[in-house]
2 protein chains.
Amino acid sequence: MDTFITLRKYIQNYIQLGPEEEDYFIKKFSKKKVVKRQILLEPGQIAKHRNFVLEGALRAYVLGEDGQEHTISFAIEGWWITDYQSLVFQQPATQYVVALEDSHLLQISFEDEEFLKSHSPKYETFFRKHAERALAYRYRRIITNLTLNAEDRYLDFLKNYPKVVLKVPQYALASYLGMTTEFLSKIRHRQLLKRT
Amino acid sequence: MDTFITLRKYIQNYIQLGPEEEDYFIKKFSKKKVVKRQILLEPGQIAKHRNFVLEGALRAYVLGEDGQEHTISFAIEGWWITDYQSLVFQQPATQYVVALEDSHLLQISFEDEEFLKSHSPKYETFFRKHAERALAYRYRRIITNLTLNAEDRYLDFLKNYPKVVLKVPQYALASYLGMTTEFLSKIRHRQLLKRT
DNA sequence: CGCGACGTTGATTTGCCTCAACGATTGTGG
DNA sequence: CCACAATCGTTGAGGCAAATCAACGTCGCG
């Protein structure tokens with residue numbers, strides 16, 4: 001069984017590659033296993049990889065003034081995760097990237113990515129489309145954050161990412177949605193009551 | 001005086017083009033003048049252009065449930081504006097794009113942009129880098145929104161975009177920062193007192 | 001000049017946070 | 001394999017940052 005099949009399918013959603021072009025792309029990725037709580041990136045370090053999740057779940061967060069964690073992104077199977085600002089501009093990271101459970105990743109290094117992009121326009125197109133799509137999603141998040149109250153933000157997330165909700169600890173989800181664990185707990189309690 | 005000089009300089013920040021390549025790029029843009037309050041895009045329409053601001057100021061916003069406006073982005077000289085989700089996926093817009101004052105724009109159509117990207121990898125690279133940079137900035141905004149309180153969000157914006165603060169009406173800035181006009185007014189009052 | 005758009009100020013309300021104490025579940029070293 | 005400690009989630013009381021509501025000031029412009 002090809003462990004790269006998830007990535008192959010992902011790539012095919014963006015660009016059309018011949019078999020050898022696809023292999024050439026795939027070969028730049030290396031497998032990595034991480035255990036729960038393992039840290040992939042810490043503030044101050046420069047992100048060296050884009051991480052594609054084959055299996056498991058990860059989370060990126062920043063620390064606020066008073067030490068509280070604010071979740072910036074999640075990643076489950078078929079998603080990417082890294083400190084994007086750090087990777088793209090090769091600047092020190094501000095985010096932690098950690099595993100929420102034992103996970104299997106595929107990593108491509110910044111250098112290999114740069115090489116690929118200059119090597120063939122198809123790879124350039126892949127990363128362009130990927131960035132465009134990611135950008136559209138970030139806008140969506142900004143809009144929901146500005147527009148909705150705590151309960152509706154939760155319901156929106158639940159509707160759009162039900163798999164993530166199941167995998168992720170409550171405090172992480174709460175901090176992603178911009179509320180406290182306690183309040184999310186109360187919202188969920190309220191939802192349970194409504195469901196009868 | 002070359003009215004395209006601002007755009008030329010902008011492009012040169014991202015890619016190296018020969019004179020004829022650059023002209024080829026530039027020729028895809030057409031000039032457009034808009035007056036204050038003129039609407040460039042409304043919800044339901046499909047965004048047909050990327051707009052580069054030569055002069056003036058614009059604003060994109062969505063309407064919340066209860067009819068209140070939430071500013072998604074601003075654009076002043078040297079910035080781009082459109083409903084990104086609508087443009088990239090050619091879906092119906094959710095945002096309004098309007099002029100905050102009489103403005104001069106350069107527009108490139110979606111089709112021309114697509115053509116350029118398939119025509120030469122350099123143009124593809126331009127749009128890839130542009131999307132990557134925009135993405136990093138969107139993350140920055142998400143982080144400040146999660147991390148800071150109302151006053152600190154204002155101060156952060158003031159520090160990073162002083163020119164925008166000067167050009168933009170208060171209610172638009174307040175809704176961009178996720179607070180009410182009244183509260184922003186009070187914050188500014190507080191700041192004035194501190195400054196003595 | 002008069003009206004509409006924009007901003008200010010104060011009184012009151014509220015959505016969400018903080019704090020605190022307590023279950024439930026998981027993990028781990030002896 | 002159990003005991004006990006973390007870790008994670010729940011529940012309630014009280015507090016605060018920011019919203020709402022309301023009334024009024026100001027400025028630009030048709």
# chains A, B, ... in the order shown; residues from 1 in each chain; ligands from 1
call {"tool": "closest_atom_pairs", "arguments": {"of": "chain B", "to": "chain C", "cutoff": "9 Å", "atoms": "only C-alpha atoms (C1' of nucleotides)", "output": "tab-separated table"}}
result
residue	atom	partner	partner_atom	distance
B:Pro169	CA	C:DC6	C1'	8.0
B:Gln170	CA	C:DG7	C1'	7.9
B:Tyr171	CA	C:DC6	C1'	8.2
B:Thr181	CA	C:DG7	C1'	8.3
B:Glu182	CA	C:DT8	C1'	7.7
B:Ser185	CA	C:DT8	C1'	7.0
B:Lys186	CA	C:DT8	C1'	8.3
call {"tool": "write_last_selection", "arguments": {"atoms": "C-alpha atoms", "output": "CSV table (one decimal), in the first residue's frame"}}
result
chain,number,residue,atom,x,y,z
B,169,PRO,CA,-13.7,57.1,8.6
B,170,GLN,CA,-13.9,56.1,12.2
B,171,TYR,CA,-16.9,53.8,11.9
B,181,THR,CA,-17.7,53.4,16.7
B,182,GLU,CA,-18.6,54.6,20.2
B,185,SER,CA,-14.2,57.0,20.1
B,186,LYS,CA,-13.7,56.4,23.8
call {"tool": "interface_residues", "arguments": {"of": "chain D", "to": "chain A", "cutoff": "10 Å", "atoms": "only C-alpha atoms (C1' of nucleotides)", "output": "ChimeraX atom specification"}}
result
/D:8-11
call {"tool": "interface_residues", "arguments": {"of": "chain A", "to": "chain B", "cutoff": "10 Å", "atoms": "only C-alpha atoms", "output": "PyMOL selection string"}}
result
chain A and resi 61-66+68-73+83-89+95+117-118+120-122+124-148+175-179
call {"tool": "atom_distance", "arguments": {"atom1": "atom CA of B:Leu166", "atom2": "atom CA of B:Glu55"}}
result
14.4 Å
call {"tool": "residues_around", "arguments": {"residues": "B:Val165", "least_positions_apart": "4", "cutoff": "12 Å", "atoms": "only C-alpha atoms (C1' of nucleotides)", "output": "list in words"}}
result
Ala57, Phe74, Ala75, Ile76, Tyr154, Leu155, Asp156, Phe157, Leu158, Lys159, Asn160, Tyr161, Pro169, Gln170, Tyr171, Ala172, Leu173, Ala174, Tyr176, Leu177 and Arg188 of chain B
call {"tool": "write_last_selection", "arguments": {"atoms": "N, CA and C atoms", "output": "PDB file, in the first residue's frame"}}
result
ATOM      1  N   ALA B  57      -8.874  55.705  -1.677  1.00  0.00           N
ATOM      2  CA  ALA B  57      -9.065  54.712  -0.629  1.00  0.00           C
ATOM      3  C   ALA B  57     -10.366  53.945  -0.865  1.00  0.00           C
ATOM      4  N   PHE B  74      -9.251  47.232   3.838  1.00  0.00           N
ATOM      5  CA  PHE B  74      -9.082  48.567   3.281  1.00  0.00           C
ATOM      6  C   PHE B  74      -8.067  48.488   2.157  1.00  0.00           C
ATOM      7  N   ALA B  75      -8.069  49.489   1.304  1.00  0.00           N
ATOM      8  CA  ALA B  75      -6.998  49.603   0.324  1.00  0.00           C
ATOM      9  C   ALA B  75      -6.714  51.069   0.055  1.00  0.00           C
ATOM     10  N   ILE B  76      -5.436  51.428   0.174  1.00  0.00           N
ATOM     11  CA  ILE B  76      -5.011  52.776  -0.219  1.00  0.00           C
ATOM     12  C   ILE B  76      -3.959  52.615  -1.306  1.00  0.00           C
ATOM     13  N   TYR B 154      -6.412  48.514  18.395  1.00  0.00           N
ATOM     14  CA  TYR B 154      -6.345  49.853  17.788  1.00  0.00           C
ATOM     15  C   TYR B 154      -4.906  50.354  17.739  1.00  0.00           C
ATOM     16  N   LEU B 155      -4.199  50.227  18.837  1.00  0.00           N
ATOM     17  CA  LEU B 155      -2.823  50.713  18.883  1.00  0.00           C
ATOM     18  C   LEU B 155      -1.933  49.959  17.903  1.00  0.00           C
ATOM     19  N   ASP B 156      -2.167  48.665  17.785  1.00  0.00           N
ATOM     20  CA  ASP B 156      -1.413  47.849  16.837  1.00  0.00           C
ATOM     21  C   ASP B 156      -1.659  48.321  15.410  1.00  0.00           C
ATOM     22  N   PHE B 157      -2.911  48.594  15.114  1.00  0.00           N
ATOM     23  CA  PHE B 157      -3.256  49.045  13.764  1.00  0.00           C
ATOM     24  C   PHE B 157      -2.645  50.422  13.497  1.00  0.00           C
ATOM     25  N   LEU B 158      -2.751  51.269  14.476  1.00  0.00           N
ATOM     26  CA  LEU B 158      -2.200  52.631  14.375  1.00  0.00           C
ATOM     27  C   LEU B 158      -0.704  52.587  14.085  1.00  0.00           C
ATOM     28  N   LYS B 159      -0.022  51.680  14.740  1.00  0.00           N
ATOM     29  CA  LYS B 159       1.428  51.551  14.573  1.00  0.00           C
ATOM     30  C   LYS B 159       1.774  51.019  13.181  1.00  0.00           C
ATOM     31  N   ASN B 160       1.008  50.038  12.729  1.00  0.00           N
ATOM     32  CA  ASN B 160       1.344  49.370  11.471  1.00  0.00           C
ATOM     33  C   ASN B 160       0.771  50.053  10.231  1.00  0.00           C
ATOM     34  N   TYR B 161      -0.349  50.722  10.399  1.00  0.00           N
ATOM     35  CA  TYR B 161      -0.982  51.348   9.230  1.00  0.00           C
ATOM     36  C   TYR B 161      -1.412  52.779   9.507  1.00  0.00           C
ATOM     37  N   PRO B 169     -12.784  56.664   7.549  1.00  0.00           N
ATOM     38  CA  PRO B 169     -13.724  57.124   8.561  1.00  0.00           C
ATOM     39  C   PRO B 169     -13.726  56.206   9.782  1.00  0.00           C
ATOM     40  N   GLN B 170     -14.041  56.786  10.890  1.00  0.00           N
ATOM     41  CA  GLN B 170     -13.926  56.092  12.176  1.00  0.00           C
ATOM     42  C   GLN B 170     -14.798  54.841  12.285  1.00  0.00           C
ATOM     43  N   TYR B 171     -16.008  54.943  11.754  1.00  0.00           N
ATOM     44  CA  TYR B 171     -16.917  53.795  11.872  1.00  0.00           C
ATOM     45  C   TYR B 171     -16.392  52.607  11.075  1.00  0.00           C
ATOM     46  N   ALA B 172     -15.699  52.902   9.954  1.00  0.00           N
ATOM     47  CA  ALA B 172     -15.143  51.816   9.137  1.00  0.00           C
ATOM     48  C   ALA B 172     -13.972  51.157   9.862  1.00  0.00           C
ATOM     49  N   LEU B 173     -13.126  51.981  10.478  1.00  0.00           N
ATOM     50  CA  LEU B 173     -12.002  51.438  11.225  1.00  0.00           C
ATOM     51  C   LEU B 173     -12.484  50.604  12.404  1.00  0.00           C
ATOM     52  N   ALA B 174     -13.483  51.147  13.114  1.00  0.00           N
ATOM     53  CA  ALA B 174     -14.023  50.424  14.267  1.00  0.00           C
ATOM     54  C   ALA B 174     -14.529  49.043  13.850  1.00  0.00           C
ATOM     55  N   TYR B 176     -13.654  47.323  11.307  1.00  0.00           N
ATOM     56  CA  TYR B 176     -12.515  46.497  10.913  1.00  0.00           C
ATOM     57  C   TYR B 176     -11.866  45.873  12.147  1.00  0.00           C
ATOM     58  N   LEU B 177     -11.779  46.665  13.186  1.00  0.00           N
ATOM     59  CA  LEU B 177     -11.103  46.209  14.405  1.00  0.00           C
ATOM     60  C   LEU B 177     -12.019  45.374  15.297  1.00  0.00           C
ATOM     61  N   ARG B 188      -9.900  56.475  21.782  1.00  0.00           N
ATOM     62  CA  ARG B 188      -9.105  57.603  21.277  1.00  0.00           C
ATOM     63  C   ARG B 188      -9.062  58.735  22.291  1.00  0.00           C
TER      64      ARG B 188
END
call {"tool": "atom_distance", "arguments": {"atom1": "atom CA of B:Thr180", "atom2": "atom CA of B:Glu77"}}
result
26.4 Å
call {"tool": "select_by_dssp", "arguments": {"residues": "stretch 5-196 of chain A", "states": "strand (DSSP E or B)", "output": "PyMOL selection string"}}
result
chain A and resi 29-34+39-41+46+49-55+57-63+69-76+80-81+92+96-99+103-109
call {"tool": "atom_distance", "arguments": {"atom1": "atom CA of B:Val34", "atom2": "atom CA of B:Glu113"}}
result
21.9 Å
